[in-house]
Structures are given as structure tokens and as C-alpha cells.
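Next up, start04.csv (CSV, C-alpha atoms):
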chain,number,residue,atom,x,y,z
A,1,MET,CA,-31.0,-60.5,9.6
A,2,THR,CA,-34.8,-60.7,9.7
A,3,MET,CA,-35.1,-61.1,5.9
A,4,LEU,CA,-32.4,-63.8,6.0
A,5,ALA,CA,-34.1,-65.7,8.8
A,6,THR,CA,-37.5,-65.5,6.9
A,7,ARG,CA,-35.9,-66.8,3.8
A,8,LEU,CA,-34.1,-69.7,5.6
A,9,GLY,CA,-37.5,-70.5,7.3
A,10,HIS,CA,-39.3,-70.7,3.9
A,11,GLN,CA,-36.5,-72.9,2.5
A,12,LEU,CA,-36.6,-75.2,5.5
A,13,THR,CA,-40.4,-75.5,5.2
A,14,THR,CA,-40.2,-76.3,1.5
A,15,ARG,CA,-37.5,-79.0,2.0
A,16,LEU,CA,-39.4,-80.7,4.8
A,17,GLY,CA,-42.5,-80.8,2.7
A,18,LEU,CA,-44.5,-78.6,5.1
A,19,ARG,CA,-47.1,-75.9,4.2
A,20,PRO,CA,-48.4,-72.9,6.1
A,21,THR,CA,-51.2,-73.7,8.5
A,22,ARG,CA,-53.8,-71.8,6.5
A,23,GLN,CA,-53.1,-73.7,3.4
A,24,VAL,CA,-53.4,-77.0,5.2
A,25,VAL,CA,-56.5,-76.3,7.2
A,26,ALA,CA,-58.6,-74.5,4.5
A,27,PRO,CA,-59.0,-77.6,2.3
A,28,GLU,CA,-59.9,-79.8,5.3
A,29,VAL,CA,-62.5,-77.2,6.3
A,30,ARG,CA,-64.0,-77.1,2.8
A,31,ARG,CA,-64.2,-80.9,2.7
A,32,ARG,CA,-65.8,-81.0,6.1
A,33,ARG,CA,-68.4,-78.5,5.1
A,34,ARG,CA,-69.2,-80.4,1.9
A,35,VAL,CA,-69.7,-83.5,3.9
A,36,GLN,CA,-72.0,-81.7,6.2
A,37,LEU,CA,-73.9,-80.3,3.3
A,38,THR,CA,-74.3,-83.8,1.8
A,39,TRP,CA,-75.8,-85.0,5.1
A,40,ALA,CA,-78.1,-82.0,5.3
A,41,LEU,CA,-79.3,-82.7,1.7
A,42,LEU,CA,-80.0,-86.4,2.7
A,43,VAL,CA,-82.2,-85.1,5.6
A,44,LEU,CA,-84.0,-82.8,3.2
A,45,ASN,CA,-84.6,-85.7,0.8
A,46,VAL,CA,-86.4,-87.7,3.5
A,47,MET,CA,-88.5,-84.7,4.6
A,48,THR,CA,-91.4,-85.7,2.3
A,49,PHE,CA,-93.3,-82.7,1.0
A,50,PHE,CA,-97.0,-83.1,1.9
A,51,PRO,CA,-98.9,-80.6,-0.4
A,52,GLY,CA,-102.2,-81.4,1.3
A,53,ALA,CA,-100.9,-80.3,4.7
A,54,PRO,CA,-101.5,-76.6,5.6
A,55,HIS,CA,-98.4,-74.5,5.2
A,56,LEU,CA,-97.6,-70.8,5.2
A,57,LEU,CA,-95.2,-70.5,2.3
A,58,PRO,CA,-96.9,-70.6,-1.2
A,59,ILE,CA,-94.9,-73.6,-2.5
A,60,PRO,CA,-96.7,-75.5,-5.2
A,61,GLY,CA,-96.9,-79.3,-4.5
A,62,SER,CA,-94.9,-80.1,-7.6
A,63,VAL,CA,-92.1,-77.7,-6.7
A,64,GLY,CA,-92.0,-78.9,-3.1
A,65,LYS,CA,-91.6,-82.5,-4.2
A,66,LEU,CA,-89.0,-81.5,-6.8
A,67,ILE,CA,-87.0,-79.8,-4.0
A,68,ALA,CA,-87.2,-82.8,-1.7
A,69,GLN,CA,-86.4,-85.4,-4.4
A,70,GLY,CA,-83.8,-83.3,-6.1
A,71,ALA,CA,-81.9,-83.0,-2.8
A,72,LEU,CA,-80.8,-86.6,-3.3
A,73,VAL,CA,-79.2,-85.7,-6.7
A,74,GLY,CA,-77.5,-82.8,-5.0
A,75,ALA,CA,-76.2,-85.0,-2.2
A,76,LEU,CA,-74.8,-87.4,-4.8
A,77,VAL,CA,-73.0,-84.6,-6.7
A,78,MET,CA,-71.7,-83.1,-3.4
A,79,VAL,CA,-70.3,-86.4,-2.1
A,80,LEU,CA,-68.6,-87.2,-5.4
A,81,SER,CA,-67.0,-83.7,-5.3
A,82,VAL,CA,-65.5,-84.4,-1.9
A,83,ASN,CA,-64.7,-88.1,-2.3
A,84,ARG,CA,-62.1,-87.8,-5.0
A,85,PRO,CA,-60.8,-90.3,-6.1
A,86,VAL,CA,-63.8,-92.4,-5.1
A,87,ARG,CA,-63.0,-94.5,-2.1
A,88,ILE,CA,-65.2,-96.5,0.2
A,89,ARG,CA,-64.8,-98.5,3.3
A,90,PRO,CA,-65.9,-102.2,3.5
A,91,SER,CA,-68.8,-102.6,5.8
A,92,VAL,CA,-71.3,-105.4,6.6
A,93,TYR,CA,-74.0,-102.9,7.2
A,94,VAL,CA,-73.5,-101.2,3.8
A,95,ALA,CA,-73.5,-104.6,2.1
A,96,LEU,CA,-76.8,-105.5,3.7
A,97,LEU,CA,-78.2,-102.1,2.8
A,98,MET,CA,-77.2,-102.5,-0.8
A,99,ALA,CA,-78.7,-106.0,-0.8
A,100,LEU,CA,-82.0,-104.5,0.5
A,101,ALA,CA,-82.0,-101.9,-2.2
A,102,ILE,CA,-81.3,-104.4,-5.0
A,103,GLU,CA,-84.0,-106.7,-3.6
A,104,ALA,CA,-86.5,-103.8,-3.5
A,105,LEU,CA,-85.7,-103.0,-7.2
A,106,LEU,CA,-86.2,-106.6,-8.3
A,107,ALA,CA,-89.5,-106.8,-6.4
A,108,SER,CA,-90.8,-103.5,-7.8
A,109,ILE,CA,-90.5,-104.8,-11.4
A,110,ARG,CA,-93.6,-106.8,-10.8
A,111,ALA,CA,-95.5,-104.1,-8.9
A,112,GLU,CA,-99.0,-103.0,-9.9
A,113,PHE,CA,-98.1,-99.4,-10.0
A,114,LEU,CA,-94.8,-99.9,-11.9
A,115,LEU,CA,-93.5,-96.4,-12.3
A,116,GLY,CA,-94.1,-95.4,-8.7
A,117,ALA,CA,-92.5,-98.6,-7.3
A,118,LEU,CA,-89.5,-98.3,-9.6
A,119,PHE,CA,-89.0,-94.6,-8.7
A,120,ARG,CA,-89.0,-95.5,-5.0
A,121,ALA,CA,-86.7,-98.4,-5.5
A,122,GLY,CA,-84.3,-96.3,-7.6
A,123,ARG,CA,-84.4,-93.6,-4.9
A,124,LEU,CA,-83.5,-96.2,-2.3
A,125,CYS,CA,-80.5,-97.4,-4.5
A,126,GLY,CA,-79.3,-93.8,-4.8
A,127,PHE,CA,-79.8,-93.2,-1.1
A,128,ALA,CA,-77.7,-96.3,-0.3
A,129,LEU,CA,-75.0,-95.2,-2.8
A,130,VAL,CA,-74.6,-91.8,-1.1
A,131,LEU,CA,-74.4,-93.4,2.3
A,132,TRP,CA,-71.7,-95.8,0.9
A,133,LEU,CA,-69.7,-92.9,-0.5
A,134,LEU,CA,-69.8,-91.3,3.0
A,135,THR,CA,-68.1,-94.2,4.7
A,136,PRO,CA,-64.7,-92.6,4.7
A,137,TRP,CA,-66.0,-90.1,7.2
A,138,TRP,CA,-67.6,-92.7,9.5
A,139,THR,CA,-64.6,-93.0,11.8
A,140,ARG,CA,-63.8,-89.4,12.6
A,141,ARG,CA,-63.0,-88.6,16.2
A,142,ASP,CA,-65.0,-85.4,16.2
A,143,LEU,CA,-68.4,-87.1,15.5
A,144,LEU,CA,-68.9,-85.0,12.5
A,145,LEU,CA,-72.0,-86.8,11.2
A,146,VAL,CA,-73.6,-86.9,14.6
A,147,ARG,CA,-73.1,-83.2,15.2
A,148,THR,CA,-74.2,-82.4,11.7
A,149,HIS,CA,-77.4,-84.4,12.2
A,150,LEU,CA,-78.1,-82.7,15.5
A,151,MET,CA,-77.6,-79.2,14.0
A,152,VAL,CA,-80.0,-80.1,11.1
A,153,LEU,CA,-82.6,-81.3,13.6
A,154,TRP,CA,-82.2,-78.0,15.5
A,155,ALA,CA,-82.8,-76.1,12.3
A,156,ILE,CA,-85.9,-78.2,11.6
A,157,VAL,CA,-87.3,-77.7,15.1
A,158,GLY,CA,-86.5,-74.0,14.9
A,159,SER,CA,-88.5,-73.7,11.7
A,160,VAL,CA,-91.5,-75.4,13.4
A,161,VAL,CA,-91.2,-73.0,16.3
A,162,LEU,CA,-91.0,-70.0,14.0
A,163,GLY,CA,-94.1,-71.2,12.1
A,164,LEU,CA,-95.9,-71.5,15.5
A,165,VAL,CA,-95.0,-67.9,16.3
A,166,VAL,CA,-95.9,-66.5,12.9
A,167,ALA,CA,-99.1,-68.5,12.3
A,168,PRO,CA,-100.2,-70.4,15.4
A,169,GLY,CA,-103.6,-71.3,14.0
A,170,LEU,CA,-102.0,-72.9,11.0
A,171,ALA,CA,-99.3,-74.7,12.9
A,172,MET,CA,-101.7,-76.1,15.5
A,173,THR,CA,-104.1,-77.8,13.1
A,174,ASP,CA,-106.3,-80.3,14.9
A,175,ASP,CA,-104.6,-79.3,18.2
A,176,ARG,CA,-101.3,-81.0,17.1
A,177,LEU,CA,-98.2,-79.0,16.2
A,178,GLY,CA,-97.0,-79.4,12.6
A,179,GLY,CA,-94.6,-77.5,10.3
A,180,ALA,CA,-96.2,-74.3,9.0
A,181,LEU,CA,-93.3,-73.1,6.9
A,182,TRP,CA,-92.4,-76.5,5.4
A,183,PRO,CA,-95.4,-78.9,5.6
A,184,ILE,CA,-94.2,-81.4,8.2
A,185,PRO,CA,-96.8,-83.7,9.8
A,186,PRO,CA,-97.0,-83.7,13.6
A,187,THR,CA,-95.7,-87.2,13.8
A,188,GLN,CA,-92.5,-86.2,11.9
A,189,VAL,CA,-92.1,-83.1,14.0
A,190,GLY,CA,-92.3,-85.3,17.1
A,191,HIS,CA,-89.7,-87.6,15.7
A,192,TYR,CA,-87.2,-84.9,14.9
A,193,SER,CA,-87.8,-83.3,18.3
A,194,ALA,CA,-87.4,-86.7,20.1
A,195,VAL,CA,-84.1,-87.5,18.3
A,196,ALA,CA,-82.7,-84.0,19.0
A,197,ILE,CA,-83.5,-84.4,22.7
A,198,GLY,CA,-82.0,-87.8,22.8
A,199,LEU,CA,-78.8,-86.9,21.0
A,200,THR,CA,-78.5,-83.8,23.2
A,201,ILE,CA,-78.8,-85.6,26.4
A,202,VAL,CA,-76.4,-88.4,25.4
A,203,LEU,CA,-73.8,-85.9,24.2
A,204,TRP,CA,-74.1,-84.0,27.5
A,205,MET,CA,-73.9,-87.2,29.6
A,206,SER,CA,-70.7,-88.1,27.6
A,207,GLY,CA,-69.2,-84.7,28.3
A,208,LEU,CA,-69.2,-83.6,24.7
A,209,LEU,CA,-71.8,-80.8,24.9
A,210,ARG,CA,-71.9,-77.8,27.1
A,211,ARG,CA,-74.6,-77.6,29.7
A,212,SER,CA,-76.0,-74.3,28.4
A,213,VAL,CA,-76.4,-75.6,24.9
A,214,ALA,CA,-77.9,-78.9,26.1
A,215,LEU,CA,-80.3,-77.0,28.4
A,216,ALA,CA,-81.4,-74.7,25.6
A,217,SER,CA,-82.0,-77.6,23.2
A,218,VAL,CA,-84.1,-79.6,25.8
A,219,LEU,CA,-86.1,-76.5,26.8
A,220,VAL,CA,-87.1,-75.9,23.2
A,221,CYS,CA,-87.6,-79.4,22.0
A,222,VAL,CA,-89.6,-80.8,24.9
A,223,PRO,CA,-92.5,-78.4,24.5
A,224,VAL,CA,-92.5,-79.1,20.8
A,225,ILE,CA,-92.8,-82.9,21.2
A,226,LEU,CA,-95.5,-82.4,23.8
A,227,LEU,CA,-97.5,-80.1,21.5
A,228,THR,CA,-97.3,-82.7,18.7
A,229,HIS,CA,-99.0,-85.4,21.0
A,230,THR,CA,-96.8,-88.0,19.4
A,231,ARG,CA,-96.7,-90.9,21.8
A,232,THR,CA,-94.4,-93.2,19.8
A,233,ALA,CA,-91.6,-90.7,19.6
A,234,LEU,CA,-91.8,-89.8,23.3
A,235,VAL,CA,-91.7,-93.5,24.4
A,236,ALA,CA,-88.9,-94.3,22.0
A,237,MET,CA,-86.9,-91.4,23.1
A,238,VAL,CA,-87.2,-92.3,26.8
A,239,ALA,CA,-86.3,-95.9,26.1
A,240,GLY,CA,-83.3,-94.9,24.0
A,241,VAL,CA,-81.9,-92.4,26.5
A,242,THR,CA,-82.4,-94.9,29.4
A,243,ILE,CA,-80.4,-97.6,27.5
A,244,ALA,CA,-77.7,-95.1,26.5
A,245,GLY,CA,-77.5,-93.8,30.0
A,246,LEU,CA,-77.1,-97.2,31.5
A,247,SER,CA,-74.2,-97.9,29.2
A,248,LEU,CA,-72.4,-94.8,30.7
A,249,PHE,CA,-73.7,-95.4,34.3
A,250,THR,CA,-70.5,-96.7,35.8
A,251,ALA,CA,-68.2,-94.3,33.9
A,252,ARG,CA,-69.8,-90.9,34.4
A,253,THR,CA,-70.7,-89.2,37.7
A,254,ARG,CA,-73.1,-86.9,35.9
A,255,VAL,CA,-75.0,-89.8,34.5
A,256,ARG,CA,-75.6,-91.3,37.9
A,257,ARG,CA,-76.7,-87.9,39.2
A,258,ALA,CA,-79.0,-87.4,36.2
A,259,PHE,CA,-80.6,-90.8,36.8
A,260,LEU,CA,-81.2,-89.9,40.4
A,261,ILE,CA,-82.8,-86.6,39.5
A,262,GLY,CA,-84.8,-88.3,36.8
A,263,LEU,CA,-86.1,-90.9,39.2
A,264,VAL,CA,-87.2,-88.2,41.7
A,265,VAL,CA,-88.9,-86.1,39.0
A,266,PHE,CA,-90.7,-89.2,37.6
A,267,THR,CA,-91.9,-90.2,41.1
A,268,LEU,CA,-93.2,-86.7,41.9
A,269,GLY,CA,-94.8,-86.5,38.5
A,270,ALA,CA,-96.5,-89.9,38.9
A,271,LEU,CA,-97.9,-88.8,42.2
A,272,THR,CA,-99.1,-85.3,41.3
A,273,LEU,CA,-99.6,-85.2,37.5
A,274,SER,CA,-100.9,-88.7,36.7
A,275,SER,CA,-104.3,-87.5,35.5
A,276,VAL,CA,-102.6,-84.9,33.2
A,277,VAL,CA,-100.2,-87.5,31.8
A,278,THR,CA,-103.1,-90.0,31.2
A,279,THR,CA,-105.1,-87.4,29.4
A,280,TRP,CA,-102.2,-86.5,27.2
A,281,LEU,CA,-101.5,-90.1,26.4
A,282,ALA,CA,-105.1,-90.8,25.6
A,283,ARG,CA,-105.2,-87.9,23.2
A,284,GLY,CA,-109.0,-87.8,23.3
A,285,GLN,CA,-109.5,-91.4,22.3
A,286,ASP,CA,-111.7,-93.9,24.0
A,287,PRO,CA,-110.6,-97.4,25.2
A,288,ALA,CA,-111.9,-99.0,22.0
A,289,GLU,CA,-109.8,-96.8,19.8
A,290,LEU,CA,-106.7,-97.3,22.0
A,291,GLY,CA,-107.2,-101.0,21.8
A,292,ALA,CA,-107.4,-100.9,18.1
A,293,LEU,CA,-104.2,-98.8,18.0
A,294,THR,CA,-106.0,-95.9,16.3
A,295,GLY,CA,-107.3,-98.1,13.5
A,296,ARG,CA,-103.9,-99.6,12.8
A,297,LYS,CA,-104.9,-103.1,13.8
A,298,ALA,CA,-107.6,-103.3,11.1
A,299,VAL,CA,-105.1,-102.4,8.5
A,300,TRP,CA,-102.5,-104.9,9.8
A,301,ASP,CA,-105.1,-107.7,9.8
A,302,ALA,CA,-106.0,-106.9,6.2
A,303,ILE,CA,-102.4,-107.0,5.1
A,304,LEU,CA,-101.9,-110.5,6.7
A,305,ALA,CA,-105.1,-111.7,5.1
A,306,GLN,CA,-104.0,-110.4,1.6
A,307,PRO,CA,-103.8,-113.3,-0.9
A,308,ARG,CA,-100.3,-113.6,-2.3
A,309,SER,CA,-98.2,-116.0,-4.4
A,310,THR,CA,-95.0,-117.7,-3.3
A,311,PHE,CA,-93.0,-115.0,-5.1
A,312,GLU,CA,-95.0,-112.2,-3.4
A,313,THR,CA,-94.6,-114.0,0.0
A,314,PHE,CA,-90.8,-114.0,-0.3
A,315,PHE,CA,-90.2,-110.8,-2.3
A,316,GLY,CA,-93.3,-108.7,-1.8
A,317,PHE,CA,-95.4,-106.5,-4.1
A,318,GLY,CA,-92.8,-103.8,-4.7
A,319,LEU,CA,-92.1,-100.5,-2.9
A,320,SER,CA,-95.3,-98.6,-2.1
A,321,ASN,CA,-96.1,-95.4,-0.3
A,322,LYS,CA,-96.6,-97.5,2.8
A,323,SER,CA,-100.4,-97.5,2.6
A,324,PHE,CA,-102.9,-100.3,2.1
A,325,ASN,CA,-106.3,-99.6,0.5
A,326,GLY,CA,-105.7,-95.9,1.0
A,327,LEU,CA,-104.9,-96.2,4.7
A,328,PRO,CA,-101.4,-95.9,6.3
A,329,ILE,CA,-99.8,-99.1,7.4
A,330,ASP,CA,-97.9,-97.5,10.3
A,331,SER,CA,-95.7,-100.5,11.0
A,332,ASN,CA,-92.2,-101.0,9.7
A,333,TRP,CA,-92.4,-104.7,9.9
A,334,LEU,CA,-95.8,-105.2,8.2
A,335,GLY,CA,-95.0,-102.5,5.7
A,336,THR,CA,-91.7,-104.2,4.9
A,337,TYR,CA,-93.4,-107.6,4.6
A,338,TYR,CA,-96.0,-106.1,2.2
A,339,ASP,CA,-93.4,-104.3,0.0
A,340,VAL,CA,-90.4,-106.6,0.0
A,341,GLY,CA,-91.6,-109.8,1.6
A,342,LEU,CA,-89.9,-112.2,3.9
A,343,VAL,CA,-86.5,-111.6,2.3
A,344,GLY,CA,-86.7,-107.9,2.9
A,345,CYS,CA,-87.9,-108.4,6.5
A,346,THR,CA,-84.9,-110.7,7.0
A,347,ILE,CA,-82.4,-108.2,5.7
A,348,THR,CA,-84.0,-105.4,7.8
A,349,VAL,CA,-83.7,-107.5,10.9
A,350,LEU,CA,-80.1,-108.3,10.1
A,351,LEU,CA,-79.4,-104.5,9.7
A,352,VAL,CA,-80.8,-103.8,13.2
A,353,VAL,CA,-79.2,-106.8,14.8
A,354,PHE,CA,-75.8,-106.1,13.3
A,355,VAL,CA,-75.7,-102.5,14.6
A,356,LEU,CA,-77.1,-103.5,18.0
A,357,THR,CA,-74.6,-106.3,18.4
A,358,ALA,CA,-71.7,-104.2,17.3
A,359,ALA,CA,-72.7,-101.4,19.7
A,360,TRP,CA,-73.1,-103.9,22.5
A,361,PHE,CA,-69.6,-105.2,22.2
A,362,ARG,CA,-68.0,-101.8,21.6
A,363,PRO,CA,-65.9,-100.4,24.5
A,364,GLN,CA,-67.8,-98.1,26.9
A,365,GLY,CA,-67.9,-94.5,25.7
A,366,PRO,CA,-69.8,-91.9,23.7
A,367,HIS,CA,-69.8,-93.8,20.4
A,368,ARG,CA,-71.4,-96.8,22.1
A,369,ALA,CA,-74.0,-94.7,24.0
A,370,LEU,CA,-75.0,-92.7,20.9
A,371,ALA,CA,-75.4,-95.9,18.8
A,372,LEU,CA,-77.4,-97.6,21.5
A,373,PHE,CA,-79.8,-94.6,21.7
A,374,LEU,CA,-80.3,-94.5,18.0
A,375,VAL,CA,-80.9,-98.3,17.6
A,376,ALA,CA,-83.2,-98.4,20.6
A,377,TYR,CA,-85.2,-95.5,19.3
A,378,CYS,CA,-85.5,-97.1,15.8
A,379,VAL,CA,-86.6,-100.5,17.2
A,380,VAL,CA,-89.2,-99.0,19.6
A,381,ALA,CA,-90.6,-96.7,16.9
A,382,SER,CA,-90.7,-99.4,14.3
A,383,PHE,CA,-93.7,-101.1,15.8
A,384,THR,CA,-96.0,-98.1,14.9
A,385,GLU,CA,-93.9,-96.2,12.3
A,386,SER,CA,-92.4,-97.3,9.0
A,387,GLY,CA,-89.2,-96.5,7.3
A,388,LEU,CA,-86.3,-98.9,7.9
A,389,SER,CA,-86.8,-100.5,4.5
A,390,GLU,CA,-86.9,-97.2,2.5
A,391,ALA,CA,-85.2,-93.9,2.2
A,392,SER,CA,-86.5,-92.3,5.5
A,393,PRO,CA,-85.2,-90.6,8.6
A,394,TYR,CA,-85.2,-93.9,10.4
A,395,LEU,CA,-82.9,-95.5,7.9
A,396,LEU,CA,-80.7,-92.5,8.0
A,397,GLU,CA,-80.4,-92.6,11.8
A,398,LEU,CA,-79.8,-96.4,11.8
A,399,THR,CA,-76.9,-95.7,9.4
A,400,LEU,CA,-75.7,-93.0,11.7
A,401,ALA,CA,-75.6,-95.6,14.5
A,402,ALA,CA,-73.7,-98.0,12.2
A,403,SER,CA,-71.1,-95.3,11.6
A,404,LEU,CA,-70.6,-95.0,15.3
A,405,VAL,CA,-69.8,-98.7,15.8
A,406,TYR,CA,-67.6,-99.0,12.7
A,407,SER,CA,-64.3,-100.6,13.8
A,408,THR,CA,-61.1,-99.8,12.0
A,409,SER,CA,-57.5,-99.1,12.9
A,410,THR,CA,-57.6,-95.5,11.6
A,411,ARG,CA,-60.0,-92.8,12.6
A,412,GLU,CA,-59.4,-90.2,10.0
A,413,GLY,CA,-61.3,-89.1,7.0
A,414,PRO,CA,-59.7,-89.3,3.5
A,415,PRO,CA,-56.6,-87.2,3.2
Could you quickly redo this structure as C-alpha cells?
Amino acid sequence: MTMLATRLGHQLTTRLGLRPTRQVVAPEVRRRRRVQLTWALLVLNVMTFFPGAPHLLPIPGSVGKLIAQGALVGALVMVLSVNRPVRIRPSVYVALLMALAIEALLASIRAEFLLGALFRAGRLCGFALVLWLLTPWWTRRDLLLVRTHLMVLWAIVGSVVLGLVVAPGLAMTDDRLGGALWPIPPTQVGHYSAVAIGLTIVLWMSGLLRRSVALASVLVCVPVILLTHTRTALVAMVAGVTIAGLSLFTARTRVRRAFLIGLVVFTLGALTLSSVVTTWLARGQDPAELGALTGRKAVWDAILAQPRSTFETFFGFGLSNKSFNGLPIDSNWLGTYYDVGLVGCTITVLLVVFVLTAAWFRPQGPHRALALFLVAYCVVASFTESGLSEASPYLLELTLAASLVYSTSTREGPP
């Protein structure tokens, strides 16, 4: 009787077109892991290898750059392996991003350093292509890309902490924490820590992350960002979390409780630790250096005074390494204006405004809060950091925000 029942069950399963659970779940798990690996490779690609920075592992500069740049090729191969047959979702954001990449490629043809500019423009085109091929996974209910990004950030911050434990003197060069295993500048370490803190807090406020995991993440990442002495990342993170929290304020009791606790802590800190906070923010600089924005203002004035033709005004000088006369530009908007002109600036503004507007009109919930955090962070950081017009962590995170506000009737990945 048992054998007969088993045989009848198999026949009924076959006729109904069903499959055992293991055979159904396993391919989906493999696809999800390949999507996660694709995103991790994109993050590795934007982790620029700085051979001049002190690091513990004996990685030659050429090898390190090859690993970082080759990660984009690996991401393209991986996304093509999982997106078969190739399918993409229509998106205004992706259309604007592709327009920016094409405009950067056209502007780079006339660049003074032709090969470098064309390489950066080609990299931006490949970067945009991979993001376009990932659009079928933008609408998953499980926030796959957000969770993957947070896990990758945790891994990066963990490597920085490990480097601090193994070689504290190397990691704390110039009294600012940087990556000792993989050469990550303190500003980028601060950026990764700030975004990890923000995503953790917003996910916890939305009820999508356990308290123990959120507490562990914050307790590790907060000291890291403080040791980097990165003011931009800290201010941008606070602004982004505040805006995201306000979007959830009426819907979540824990959000209102967290705001109350934060207000009390801020008040007590302002009364008792004001001198410590002021010293940390000053970072050993005098009022003249602070007024000149650590030398940024002189570079910005020089960029605006740079003679340029009508073509260069509208389309720029081609993609550069975001430096001017050997000095970093450290401004997304002036760097964009210098590289891709007024047209590139307009497209970048449209990218930000589109995501911000879509997030603002999205129904209240985790997707809206996460998107608002990421957009607010990118906007605040863009004044003293560059990256929204090139393949960078900022562009990757702006795309992550765009994926959260994508509106469609279905919320499934490709079958």
C-alpha cells in the first residue's frame, strides 16, 4: 500500500506539473547567490586600489588595480550568467544613467589624456550596463540588493578592524584609521562605516533587522567612523537617518522612542562633551583652514576660472581622476562640471531629483525610508566628495535607492 501511494503521488505530481521542493528552491538559491556575487564585485570595482597608501599585504600596485578593475568584467560575466535570456526593466533612472555614460564617452574623445579618459568612460559604460542587467531584481520583496550591500559593507569594515588589530601603527597613519589589509583611505572607510550604520538603523526602525544584529553593527561601525575623523560621512549619515526616521515617525513606535532617546543623548552630549566634539570636528585645523575647507576652496576657484570653449563648457574636458593641477577636487558638482560640463551636471541633477521625487511620493514603509536615507546621504556628501558622475560607491548607492522606489505591478525576480 505504501509503494502504491508513493507511486500515485509521483504520478499526480508529474501530471500537475509540480516538482519536489528541493528541485525548485535550489535553482532560485543559486540565482540569488550569483546576483549577490555580482553586486559584491561591483563594490570591489569601486574600491579603488591606492598603491601609495600603506598596507599590510604585499600586493603590487599593478596587481591590485587589475583586481579592482577586473571585478567589473567578472560582474558582467556573472550577471549575464544569471540573466538568461537577457531581460531588462524599463526605467527612467537607467535611461538617464546610460545618457550620462554616453555623454562622458563623447566628451572624453577630446580629452588631453585620451587613453585615461576613454578608459574611465568605458568603465562607466560597463558599470551602467551591469546595473541595467540587474534591474529584474530591483523589485524583490526581500530587499536582496540592500541586504547584500549591507553585508559587503560589514565585510569591508571588518577587514579594517582586523587590520587595526594586526597592525595598529600601519592602520592609524596620520592618526586617521585606514585600511591596512586593502589600502582604503580614511575618507572611504568613513563612508563605508557611515552607510553601514545608516542602513542598519533604518532596517531596525522598519522592523526588518534584529536588535542584537543592529546593536553589534552600530557598536563596531561607530568607533570606526570616529577614528577616521571623517566629518562629511558623519554629517551625511546623521542627516540621512533623520530624514528616513521622520518618514517612519507616525508608523512605528520604536522610531518615536528612538527619536526621544536620541534627543536626550544629544542634549546631554551638547552640555557635557561640547569641547570634545569641537576638537574632533576641528581635526587640528585652525579657523583659516576650516574657512578654506581644507584647501578645497582654492581648487574650486581655479576650476571656475579655467578658460574653456563653448564645447568644453557644455560637455567638459573628459573624465579625469577628479583632480585639478594635481590636487583633489573634492566636490561632485565642480568635478562633474570640469569633466562632463553643464550637460553632465544637468543629467546628474536629474538622477538625484528623480530618485528623491519617486521616494517622496512612495507609500510609507521600509523602501521609502531606505531610499530617502541613501539619497540624503549622497546629496549631503556630494558637496565635499565626488562620485555621482563616475563609477563610484556614491553612484552605486544612488542606484540602490532607485531600485527601492521602482514601481511595478510585480515584485518578483526573473523566473
- [ ] Find the residues around segment 370-379 of chain A up to 7 Å (all atoms listed in the file counted), leave out those fewer than 4 positions away in its own chain, and share them as a list of chain:residue names.
- [x]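 Contacts, with the query itself left out: A:Leu199, A:Val202, A:Ala236, A:Met237, A:Ala239, A:Gly240, A:Val241, A:Ile243, A:Ala244, A:Leu356, A:Ala359, A:Pro366, A:Tyr394, A:Glu397, A:Leu398, A:Ala401, A:Leu404, A:Val405.
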Task: Within 6 Å of Gly318 of chain A using only C-alpha atoms, minus same-chain residues under 4 positions, as a ChimeraX atom specification - done: /A:107-108,111,117,339-340
- [ ] Could you tell me which of A:Phe311, A:Phe49, A:Phe113, A:Phe249 comes closest to Gly61 of chain A if we count all atoms listed in the file?
- [x]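 Nearest candidate to Gly61 of chain A out of A:Phe311, A:Phe49, A:Phe113, A:Phe249: A:Phe49.
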Task: Among the residues A:Ala128, A:Leu164, A:Leu219, A:Leu234, the one that comes closest to Val94 of chain A [using all atoms listed in the file] - done: A:Ala128
Task: Nearest to Lys322 of chain A, chosen from A:Gly262, A:Arg362, A:Val63, A:Leu388, with all atoms listed in the file counted in the distances - done: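 Under the stated criterion, the closest residue is A:Leu388.
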TODO: Rank nothing, just name the residue among A:Ala101, A:Leu208, A:Leu246, A:Leu57 nearest to Asp142 of chain A, using only C-alpha atoms.
DONE: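 Among A:Ala101, A:Leu208, A:Leu246, A:Leu57, it is A:Leu208 that comes nearest to Asp142 of chain A.
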Shell of 9 Å around Gly126 of chain A, only C-alpha atoms, local chain residues under 2 positions omitted, as a compact mmCIF listing (two decimals) with C-alpha atoms, in the frame of the given file:
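Resulting contents of around-v9.txt:
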# COMPACT_ATOMS: atom_id res chain seq x y z
CA LEU A 72 -80.80 -86.60 -3.30
CA VAL A 73 -79.20 -85.70 -6.70
CA LEU A 76 -74.80 -87.40 -4.80
CA ALA A 101 -82.00 -101.90 -2.20
CA ALA A 121 -86.70 -98.40 -5.50
CA GLY A 122 -84.30 -96.30 -7.60
CA ARG A 123 -84.40 -93.60 -4.90
CA LEU A 124 -83.50 -96.20 -2.30
CA ALA A 128 -77.70 -96.30 -0.30
CA LEU A 129 -75.00 -95.20 -2.80
CA VAL A 130 -74.60 -91.80 -1.10
CA LEU A 131 -74.40 -93.40 2.30
Open item on the list: Restricting the calculation to all atoms listed in the file: of A:Val92, A:Ala391, A:Pro85, A:Asn325, which residue gets closest to Ala298 of chain A?
Closed with: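 Smallest distance to Ala298 of chain A is found for A:Asn325.
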TODO: Tell me, as a ChimeraX atom specification, which residues lie within 9 Å of Leu44 of chain A, counting all atoms listed in the file; anything in the same chain fewer than 5 positions away does not count.
DONE: /A:39,67-69,71-72
Open item on the list: Nearest residue to Met47 of chain A out of A:Thr228, A:Tyr337, A:Val152, A:Ile88, using only C-alpha atoms?
Closed with: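 Smallest separation from Met47 of chain A among the options: A:Val152.
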Task: Contact residues around Leu395 of chain A with all atoms listed in the file at 10 Å, ignoring same-chain residues under 5 positions, as a list of chain:residue names - done: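 Everything that qualifies: A:Val46, A:Leu97, A:Phe127, A:Ala128, A:Thr348, A:Leu351, A:Cys378, A:Ser386, A:Gly387, A:Leu388, A:Ser389, A:Glu390, A:Leu400, A:Ala401.
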Open item on the list: As an exercise, work out the distance from atom CA of Arg31 of chain A to atom CA of Ala402 of chain A in Å and give it to one decimal place.
Closed with: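 Computing it gives 21.7 Å between the two atoms.
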TODO: Report the distance between atom CA of Val79 of chain A and atom CA of Thr38 of chain A in Å, rounded to one decimal place.
DONE: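 It comes out at 6.2 Å.
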Open item on the list: Would you compute the distance between atom CA of Gly326 of chain A and atom CA of Trp300 of chain A? Give it in Å to one decimal.
Closed with: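 These atoms are spaced 13.0 Å apart.
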- [ ] Scan for residues within 8 Å of the point (-71.5, -99.4, 27.7) in the coordinates of the file, using only C-alpha atoms, and reply as a list in words.
- [x]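 Residues found, by chain and rising number: Ala244, Leu246, Ser247, Leu248, Trp360, Arg362, Pro363, Gln364, Gly365, Arg368 and Ala369 of chain A.
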